[in-house]
Structures are given as C-alpha cells and as structure tokens.
>>> print(open('structure16.pdb').read())   # PDB, C-alpha atoms and all ligand atoms
ATOM      1  CA  MET A 177       3.782  -0.264  20.514  1.00  0.00           C
ATOM      2  CA  HIS A 178       5.649  -2.212  17.895  1.00  0.00           C
ATOM      3  CA  CYS A 179       7.981  -1.759  14.961  1.00  0.00           C
ATOM      4  CA  GLN A 180       5.705  -1.520  11.955  1.00  0.00           C
ATOM      5  CA  ARG A 181       8.434  -2.580   9.550  1.00  0.00           C
ATOM      6  CA  PHE A 182       8.945  -5.998  11.109  1.00  0.00           C
ATOM      7  CA  GLU A 183       5.762  -6.144  13.172  1.00  0.00           C
ATOM      8  CA  ARG A 184       8.007  -6.711  16.177  1.00  0.00           C
ATOM      9  CA  ASP A 185       6.905  -5.684  19.657  1.00  0.00           C
ATOM     10  CA  LEU A 186       8.955  -2.918  21.271  1.00  0.00           C
ATOM     11  CA  LEU A 187       9.636  -2.908  24.987  1.00  0.00           C
ATOM     12  CA  GLU A 188       8.742   0.166  27.016  1.00  0.00           C
ATOM     13  CA  ASP A 189      12.333   1.457  27.027  1.00  0.00           C
ATOM     14  CA  ASP A 190      13.237   0.545  23.430  1.00  0.00           C
ATOM     15  CA  PRO A 191      14.139   3.571  21.333  1.00  0.00           C
ATOM     16  CA  ARG A 192      11.617   4.170  18.610  1.00  0.00           C
ATOM     17  CA  PHE A 193      11.602   6.370  15.565  1.00  0.00           C
ATOM     18  CA  VAL A 194       9.014   7.661  13.171  1.00  0.00           C
ATOM     19  CA  VAL A 195       9.714   7.313   9.463  1.00  0.00           C
ATOM     20  CA  THR A 196       7.551   9.551   7.319  1.00  0.00           C
ATOM     21  CA  PHE A 197       6.968   9.147   3.623  1.00  0.00           C
ATOM     22  CA  ARG A 198       5.620  12.082   1.709  1.00  0.00           C
ATOM     23  CA  LEU A 199       4.798  11.350  -1.897  1.00  0.00           C
ATOM     24  CA  THR A 200       4.082  14.527  -3.785  1.00  0.00           C
ATOM     25  CA  ALA A 201       3.079  14.561  -7.420  1.00  0.00           C
ATOM     26  CA  ASP A 202       5.669  16.021  -9.730  1.00  0.00           C
ATOM     27  CA  TRP A 203       3.546  17.242 -12.596  1.00  0.00           C
ATOM     28  CA  THR A 204       6.458  18.400 -14.704  1.00  0.00           C
ATOM     29  CA  GLY A 205       6.127  15.586 -17.222  1.00  0.00           C
ATOM     30  CA  ARG A 206       2.383  15.883 -17.581  1.00  0.00           C
ATOM     31  CA  LEU A 207       2.386  19.665 -17.754  1.00  0.00           C
ATOM     32  CA  SER A 208       4.942  19.714 -20.533  1.00  0.00           C
ATOM     33  CA  ALA A 209       2.902  17.051 -22.325  1.00  0.00           C
ATOM     34  CA  LEU A 210      -0.187  19.244 -22.007  1.00  0.00           C
ATOM     35  CA  LYS A 211       1.487  21.970 -24.025  1.00  0.00           C
ATOM     36  CA  LYS A 212       2.073  19.545 -26.863  1.00  0.00           C
ATOM     37  CA  ASP A 213      -1.131  17.533 -26.745  1.00  0.00           C
ATOM     38  CA  ALA A 214      -4.511  18.891 -25.648  1.00  0.00           C
ATOM     39  CA  SER A 215      -5.944  15.381 -25.492  1.00  0.00           C
ATOM     40  CA  THR A 216      -3.641  14.725 -22.516  1.00  0.00           C
ATOM     41  CA  LEU A 217      -5.598  17.321 -20.533  1.00  0.00           C
ATOM     42  CA  GLU A 218      -8.821  15.473 -21.329  1.00  0.00           C
ATOM     43  CA  THR A 219      -7.231  12.206 -20.194  1.00  0.00           C
ATOM     44  CA  VAL A 220      -6.022  13.729 -16.918  1.00  0.00           C
ATOM     45  CA  LEU A 221      -9.422  15.290 -16.225  1.00  0.00           C
ATOM     46  CA  LYS A 222     -11.155  11.953 -16.873  1.00  0.00           C
ATOM     47  CA  GLU A 223      -8.743  10.200 -14.523  1.00  0.00           C
ATOM     48  CA  CYS A 224      -9.367  12.805 -11.819  1.00  0.00           C
ATOM     49  CA  ALA A 225     -13.142  12.654 -12.267  1.00  0.00           C
ATOM     50  CA  ALA A 226     -13.066   8.880 -11.766  1.00  0.00           C
ATOM     51  CA  MET A 227     -11.338   9.208  -8.375  1.00  0.00           C
ATOM     52  CA  ASP A 228     -12.995   9.879  -5.047  1.00  0.00           C
ATOM     53  CA  ASP A 229     -11.562  12.603  -2.807  1.00  0.00           C
ATOM     54  CA  ASP A 230      -9.215  10.269  -0.928  1.00  0.00           C
ATOM     55  CA  GLU A 231      -7.803   8.808  -4.126  1.00  0.00           C
ATOM     56  CA  LEU A 232      -7.334  12.248  -5.649  1.00  0.00           C
ATOM     57  CA  ASN A 233      -5.602  13.609  -2.536  1.00  0.00           C
ATOM     58  CA  ALA A 234      -3.317  10.562  -2.427  1.00  0.00           C
ATOM     59  CA  GLU A 235      -2.437  11.115  -6.078  1.00  0.00           C
ATOM     60  CA  VAL A 236      -1.307  14.677  -5.373  1.00  0.00           C
ATOM     61  CA  ASP A 237       0.184  14.602  -1.886  1.00  0.00           C
ATOM     62  CA  GLU A 238       0.215  11.529   0.321  1.00  0.00           C
ATOM     63  CA  VAL A 239       1.823  11.355   3.743  1.00  0.00           C
ATOM     64  CA  LYS A 240       2.297   8.203   5.770  1.00  0.00           C
ATOM     65  CA  ALA A 241       4.125   7.743   9.063  1.00  0.00           C
ATOM     66  CA  PHE A 242       5.340   4.510  10.632  1.00  0.00           C
ATOM     67  CA  THR A 243       6.969   3.688  13.950  1.00  0.00           C
ATOM     68  CA  VAL A 244      10.166   1.679  13.604  1.00  0.00           C
ATOM     69  CA  CYS A 245      12.835   0.244  15.914  1.00  0.00           C
ATOM     70  CA  ALA A 246      16.486   1.337  16.031  1.00  0.00           C
ATOM     71  CA  ALA A 247      17.615  -1.530  13.778  1.00  0.00           C
ATOM     72  CA  CYS A 248      15.097  -0.555  11.101  1.00  0.00           C
ATOM     73  CA  ARG A 249      16.158   3.079  11.383  1.00  0.00           C
ATOM     74  CA  THR A 250      19.718   2.050  10.555  1.00  0.00           C
ATOM     75  CA  VAL A 251      18.557   0.071   7.519  1.00  0.00           C
ATOM     76  CA  LEU A 252      16.289   2.857   6.264  1.00  0.00           C
ATOM     77  CA  ARG A 253      18.998   5.518   6.692  1.00  0.00           C
ATOM     78  CA  ALA A 254      21.432   3.434   4.649  1.00  0.00           C
ATOM     79  CA  ASN A 255      18.965   2.550   1.905  1.00  0.00           C
ATOM     80  CA  PRO A 256      15.821   4.710   2.154  1.00  0.00           C
ATOM     81  CA  LEU A 257      14.527   3.680  -1.262  1.00  0.00           C
ATOM     82  CA  GLN A 258      15.063   0.012  -0.431  1.00  0.00           C
ATOM     83  CA  ARG A 259      16.840  -0.646  -3.709  1.00  0.00           C
ATOM     84  CA  ALA A 260      17.561  -4.314  -4.275  1.00  0.00           C
ATOM     85  CA  ASP A 261      21.287  -3.679  -4.730  1.00  0.00           C
ATOM     86  CA  GLY A 262      21.467  -1.613  -1.519  1.00  0.00           C
ATOM     87  CA  SER A 263      22.602   1.537  -3.330  1.00  0.00           C
ATOM     88  CA  THR A 264      21.115   4.860  -2.421  1.00  0.00           C
ATOM     89  CA  PRO A 265      21.259   8.434  -3.717  1.00  0.00           C
ATOM     90  CA  ARG A 266      23.717  10.582  -1.782  1.00  0.00           C
ATOM     91  CA  THR A 267      21.069  13.147  -1.000  1.00  0.00           C
ATOM     92  CA  GLY A 268      17.334  13.437  -1.194  1.00  0.00           C
ATOM     93  CA  ARG A 269      15.853  16.241  -3.212  1.00  0.00           C
ATOM     94  CA  LEU A 270      13.603  18.746  -1.521  1.00  0.00           C
ATOM     95  CA  GLN A 271      11.686  21.183  -3.642  1.00  0.00           C
TER      96      GLN A 271
HETATM   97 ZN    ZN B 301      12.160  -2.655  13.243  1.00  0.00          ZN
END
>>> encode(input="structure16.pdb", output="structure tokens")
Amino acid sequence: MHCQRFERDLLEDDPRFVVTFRLTADWTGRLSALKKDASTLETVLKECAAMDDDELNAEVDEVKAFTVCAACRTVLRANPLQRADGSTPRTGRLQ
C-alpha cells in the first residue's frame, strides 16, 4: 500500500486515509439555457451521443477514491480544492 498523492510507500502500521472525490454535474446553467435557446438542447444531445457509456457516466456523476498518508490528509483538509494561494471555502456544499 502506498500514498497515491505522493506515490510514497506506507509501512504496515502507518495510518492511512481514503479521500473520495465525487464530481456531480450541476445542470442548472444548461437547463436555464435550454429554456432560452432550443439549439442548446440539440448541442447537448449531440455531445451525449458522441460519448460512450463510461464518458457519459463520468460527465454526470464520477466518483474516485485514493489512499493517502496522514501528512496528505492534513494538506487536503486545509486546502481541499488545492488552490494555488492556499485559500479554501469555509464549508463544502452538499445538495
Ligand atoms: Zn501522502
């Protein structure tokens, strides 16, 4: 087992954590655009038709999980979006 963030080997007794990213499509912008412009629907349908099942699923709801070490956990908790300036939103938004 190793930390997937730094590709560093973890010893048997090293604490390890799982960081999970779930990227879910927020269609709000596109749906409101659809009401104004019917050609947007055609564009979206063409984009979807060009994707295979895996690509389409990833576009809508993608989940990835990685094992990380304690040091990486600390970094990710402090700056989960990995902004260059180190700032982070106070809370995440769950829908
Ligand atoms: Zn690490």
>>> residues_near_ligand(input="structure16.pdb", ligand="ligand ZN 301 (chain B)", cutoff="7 Å", atoms="only C-alpha atoms and all ligand atoms", output="count of residues only")
10
>>> residues_around(input="structure16.pdb", residues="range 234-237 of chain A", least_positions_apart="2", cutoff="8 Å", atoms="only C-alpha atoms", output="compact mmCIF listing (two decimals) with C-alpha atoms, in the frame of the given file")
# COMPACT_ATOMS: atom_id res chain seq x y z
CA ARG A 198 5.62 12.08 1.71
CA LEU A 199 4.80 11.35 -1.90
CA THR A 200 4.08 14.53 -3.78
CA ALA A 201 3.08 14.56 -7.42
CA ASP A 230 -9.22 10.27 -0.93
CA GLU A 231 -7.80 8.81 -4.13
CA LEU A 232 -7.33 12.25 -5.65
CA VAL A 239 1.82 11.36 3.74
>>> atom_distance(input="structure16.pdb", atom1="CA of Arg192 in chain A", atom2="CA of Met177 in chain A")
9.2 Å
>>> residues_around(input="structure16.pdb", residues="Thr196 in chain A", least_positions_apart="2", cutoff="9 Å", atoms="all atoms listed in the file", output="PyMOL selection string")
chain A and resi 194+198+239-243
>>> axis_aligned_box(input="structure16.pdb", around="range 245-259 of chain A", padding_each_side="3 Å", output="JSON")
{"center_x": 17.1, "center_y": 2.0, "center_z": 6.2, "size_x": 14.6, "size_y": 13.0, "size_z": 25.7}
>>> atom_distance(input="structure16.pdb", atom1="CA of Trp203 in chain A", atom2="CA of Thr216 in chain A")
12.5 Å
